[in-house]
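Asker: Quick one: structure below, then a few questions.
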Amino acid sequence: MDPAYLAEWANLLIRWLHLITGIAWIGTSFYFIGLDNQLDPPRDGNPRVKGEQWSIHGGGFYHKQKYLNAPAELPEKLHWFKWEAYWTWLSGFSLFMLIYWGQASTYLVDPAVMALSPGVAVAISAAMLVAGWVVYDLACRSKWGEQENLLSAFGVGLLVVAAFVACHVFSGRGAFLQVGAMTGTIMVANVAMVIIPGQRKMVAAMQAGQEPDPKYGRWGKQRSVHNTYLTLPVLFLMISPHYPMTWGASWNWVVLLAITLAGALVRQFFVQRQFGRNPVALPAAAALVVVVLAVLLMPARGPAGGEAPAFAEVQAIAAARCATCHAANPTQDGFVEAPKGVRLDEPGQIRRWAQSIRQQVASEAMPPGNLTEITAEERAKLVAWVAAGAPRE
């Protein structure tokens, strides 16, 4: 059986698993952050209880309580929340390896950015994943760890460096996914290396008849809060491959940071709403960031390549530069069918996808890594043809 065909099925199933587990993890994170932010003082005055919440859902009433440190006795059955995070990362990292490491010459490397062999690109990618977590974790454990403002500033700086480096080493598409993978790795490592071990120590202390050390609760809450602010930016980075106007931009690392900022502002708005506040300036600022980006990244409307070429010339360019992948039977290694169903091997299909062609070639997103060595003149001709209305002749 064709390995590329099997890879497509693996891509589908792993991506599906990633979405399922990601929804479970993000939903749990959002729920517990919201619960923490909406606790009321306990009615019974229990000094061990930090707060409580009554709610109704699914036809029933719920009563939740959060303890300042721990209850007087450990319950017989305790629910843990960890596998949602673990499986989200395992599936996401498997997908990253399958696509961006397994086809590094296509998706991770762009000779116009930096001439790298696939092996070197993968090694740099792996080193950045590890370094991101190590540097972030050391900062959290340092003297800055108790000063959230300084720690937040350091985290923003770390993101800026990661975005700049990734966008100057890898292809635009690969760079965005690299930063997404780094951020996702930090998030799951927060769970696996800090939150869960701390909770295990708290449970072990109670089983030994001791009061748990409250520092584990503080550390766990800190990392949980960090994770919740990273959620929306990571979701954008997950879907970014479908939107080349972002990662195909000349200053793509700035675009990445700007949309990340917009996502964090939206998340902060929802957090503030949980405290009963309504800071509309936050989503307004996020919307302004996106609108400004949309205007700045808008491609020129005019026929940048001059007079529109004849359709025969457009068809020849598509056959030489595009149809190796975008055809009923692709000849490019690793492809068994046209990506996203876009075929450019027939006249009717070329005209059907004219606007998509314009977007992809104008942003230089396609061909990935310029595998087929399309020239600037050919790009201009395709843009001019679409701008002229994609004529048949």
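Residue names in the structure tokens use chain letters A, B, ... in the order shown, residue numbers from 1 in each chain, and ligand numbers from 1 in the order shown.
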Neighbouring residues of A:Ser105 were defined as those with any atom within 12 Å, considering only C-alpha atoms; residues of the same chain fewer than 6 positions away were excluded. Please report them as an MDAnalysis selection string.
Answerer: chainID A and resid 99 111 114:122 170:171 174 332:334 367:371
Asker: Please list as a ChimeraX atom specification every residue within 10 Å of A:Leu151, counting only C-alpha atoms and excluding residues in the same chain fewer than 6 positions away.
Answerer: /A:136,139-140,142-145,157
Asker: Among stretch 9-179 of chain A, which residues carry a DSSP assignment of strand (DSSP E or B), reported as a PyMOL selection string?
Answerer: chain A and resi 40+49-57+60-67
Asker: Using only C-alpha atoms, which of the listed residues (A:Gly348, A:Gly51, A:Pro309, A:Pro339) sits closest to A:Glu8?
Answerer: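 With only C-alpha atoms as the atom set, the closest residue is A:Pro339.
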Asker: Of the residues A:Pro241, A:Thr231, A:Trp133, A:Thr106, which is the one nearest to A:Thr372, using only C-alpha atoms?
Answerer: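 When distances to A:Thr372 are compared using only C-alpha atoms, the smallest one comes from A:Thr106.
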Asker: For atom CA of A:Gly248 and atom CA of A:Gln359, quote the distance in Å rounded to one decimal.
Answerer: 10.0 Å
Asker: According to DSSP computed on the backbone, where in stretch 105-143 of chain A is there helix (DSSP H, G or I)? Give the residues as a list of chain:residue names.
Answerer: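 Selecting the helix (DSSP H, G or I) positions of stretch 105-143 of chain A gives A:Ser105, A:Thr106, A:Tyr107, A:Pro118, A:Gly119, A:Val120, A:Ala121, A:Val122, A:Ala123, A:Ile124, A:Ser125, A:Ala126, A:Ala127, A:Met128, A:Leu129, A:Val130, A:Ala131, A:Gly132, A:Trp133, A:Val134, A:Val135, A:Tyr136, A:Asp137, A:Leu138, A:Ala139, A:Cys140, A:Arg141, A:Lys143.
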Asker: Go ahead and save the residues from that selection, with C-alpha atoms, as a short mmCIF file (atom, residue, chain, number, x, y, z; two decimals), in the first residue's frame.
Answerer:
data_model
loop_
_atom_site.label_atom_id
_atom_site.label_comp_id
_atom_site.auth_asym_id
_atom_site.auth_seq_id
_atom_site.Cartn_x
_atom_site.Cartn_y
_atom_site.Cartn_z
CA SER A 105 11.83 19.78 2.99
CA THR A 106 8.25 20.69 2.03
CA TYR A 107 6.78 22.27 5.15
CA PRO A 118 15.86 18.55 6.57
CA GLY A 119 17.91 16.86 9.31
CA VAL A 120 19.37 20.13 10.58
CA ALA A 121 15.95 21.81 10.49
CA VAL A 122 14.42 19.00 12.57
CA ALA A 123 17.31 19.17 15.06
CA ILE A 124 16.86 22.93 15.50
CA SER A 125 13.10 22.46 15.88
CA ALA A 126 13.57 19.81 18.59
CA ALA A 127 16.15 21.95 20.42
CA MET A 128 13.76 24.92 20.43
CA LEU A 129 10.97 22.78 21.91
CA VAL A 130 13.20 21.71 24.80
CA ALA A 131 14.80 25.13 25.30
CA GLY A 132 11.43 26.87 25.45
CA TRP A 133 10.29 24.77 28.39
CA VAL A 134 13.63 24.85 30.23
CA VAL A 135 13.99 28.64 30.05
CA TYR A 136 10.36 29.25 31.02
CA ASP A 137 10.47 26.77 33.93
CA LEU A 138 13.72 28.19 35.28
CA ALA A 139 12.18 31.66 35.22
CA CYS A 140 9.12 30.43 37.16
CA ARG A 141 11.34 28.79 39.78
CA LYS A 143 13.22 34.83 42.36
#
Asker: With distances taken over only C-alpha atoms, which of A:Val292, A:Val225, A:Ala354, A:Ala10 is nearest to A:Ser152?
Answerer: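 Of A:Val292, A:Val225, A:Ala354, A:Ala10, the one nearest A:Ser152 is A:Val225, counting only C-alpha atoms.
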Asker: For a test of reading the model, state the distance in Å between atom CA of A:Gln360 and atom CA of A:Pro391, rounded to one decimal.
Answerer: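 Interatomic distance here is 18.9 Å.
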Asker: Let me make sure I understand: among A:Tyr243, A:Phe275, A:Phe311, A:Phe96, which one has the smallest atom-to-atom distance to A:Asp40 if we use only C-alpha atoms?
Answerer: A:Phe275
Asker: Which one of A:Arg200, A:Arg267, A:Lys50, A:Lys221 sits closest to A:Pro233 if you count only C-alpha atoms?
Answerer: A:Arg267
Asker: For stretch 88-94 of chain A, work out the shell of residues within 6 Å, counting only C-alpha atoms and skipping chain neighbours fewer than 2 positions away, then give it as a list in words.
Answerer: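 Returned residues: Ile14, His18, Thr21, Gly22, Ala85, Tyr86, Phe96 and Met97 of chain A.
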Asker: Given the selection you just returned, output its residues as a file containing C-alpha atoms, formatted as a PDB file, in the first residue's frame.
Answerer:
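Final file, out.pdb:
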ATOM      1  CA  ILE A  14      -4.370  11.947  14.641  1.00  0.00           C
ATOM      2  CA  HIS A  18      -6.009  16.120  18.665  1.00  0.00           C
ATOM      3  CA  THR A  21      -8.631  15.840  23.383  1.00  0.00           C
ATOM      4  CA  GLY A  22      -7.893  19.549  22.888  1.00  0.00           C
ATOM      5  CA  ALA A  85      -3.622  17.465  28.535  1.00  0.00           C
ATOM      6  CA  TYR A  86      -1.349  14.485  27.911  1.00  0.00           C
ATOM      7  CA  PHE A  96       3.844  17.805  14.046  1.00  0.00           C
ATOM      8  CA  MET A  97       6.366  15.006  13.542  1.00  0.00           C
TER       9      MET A  97
END
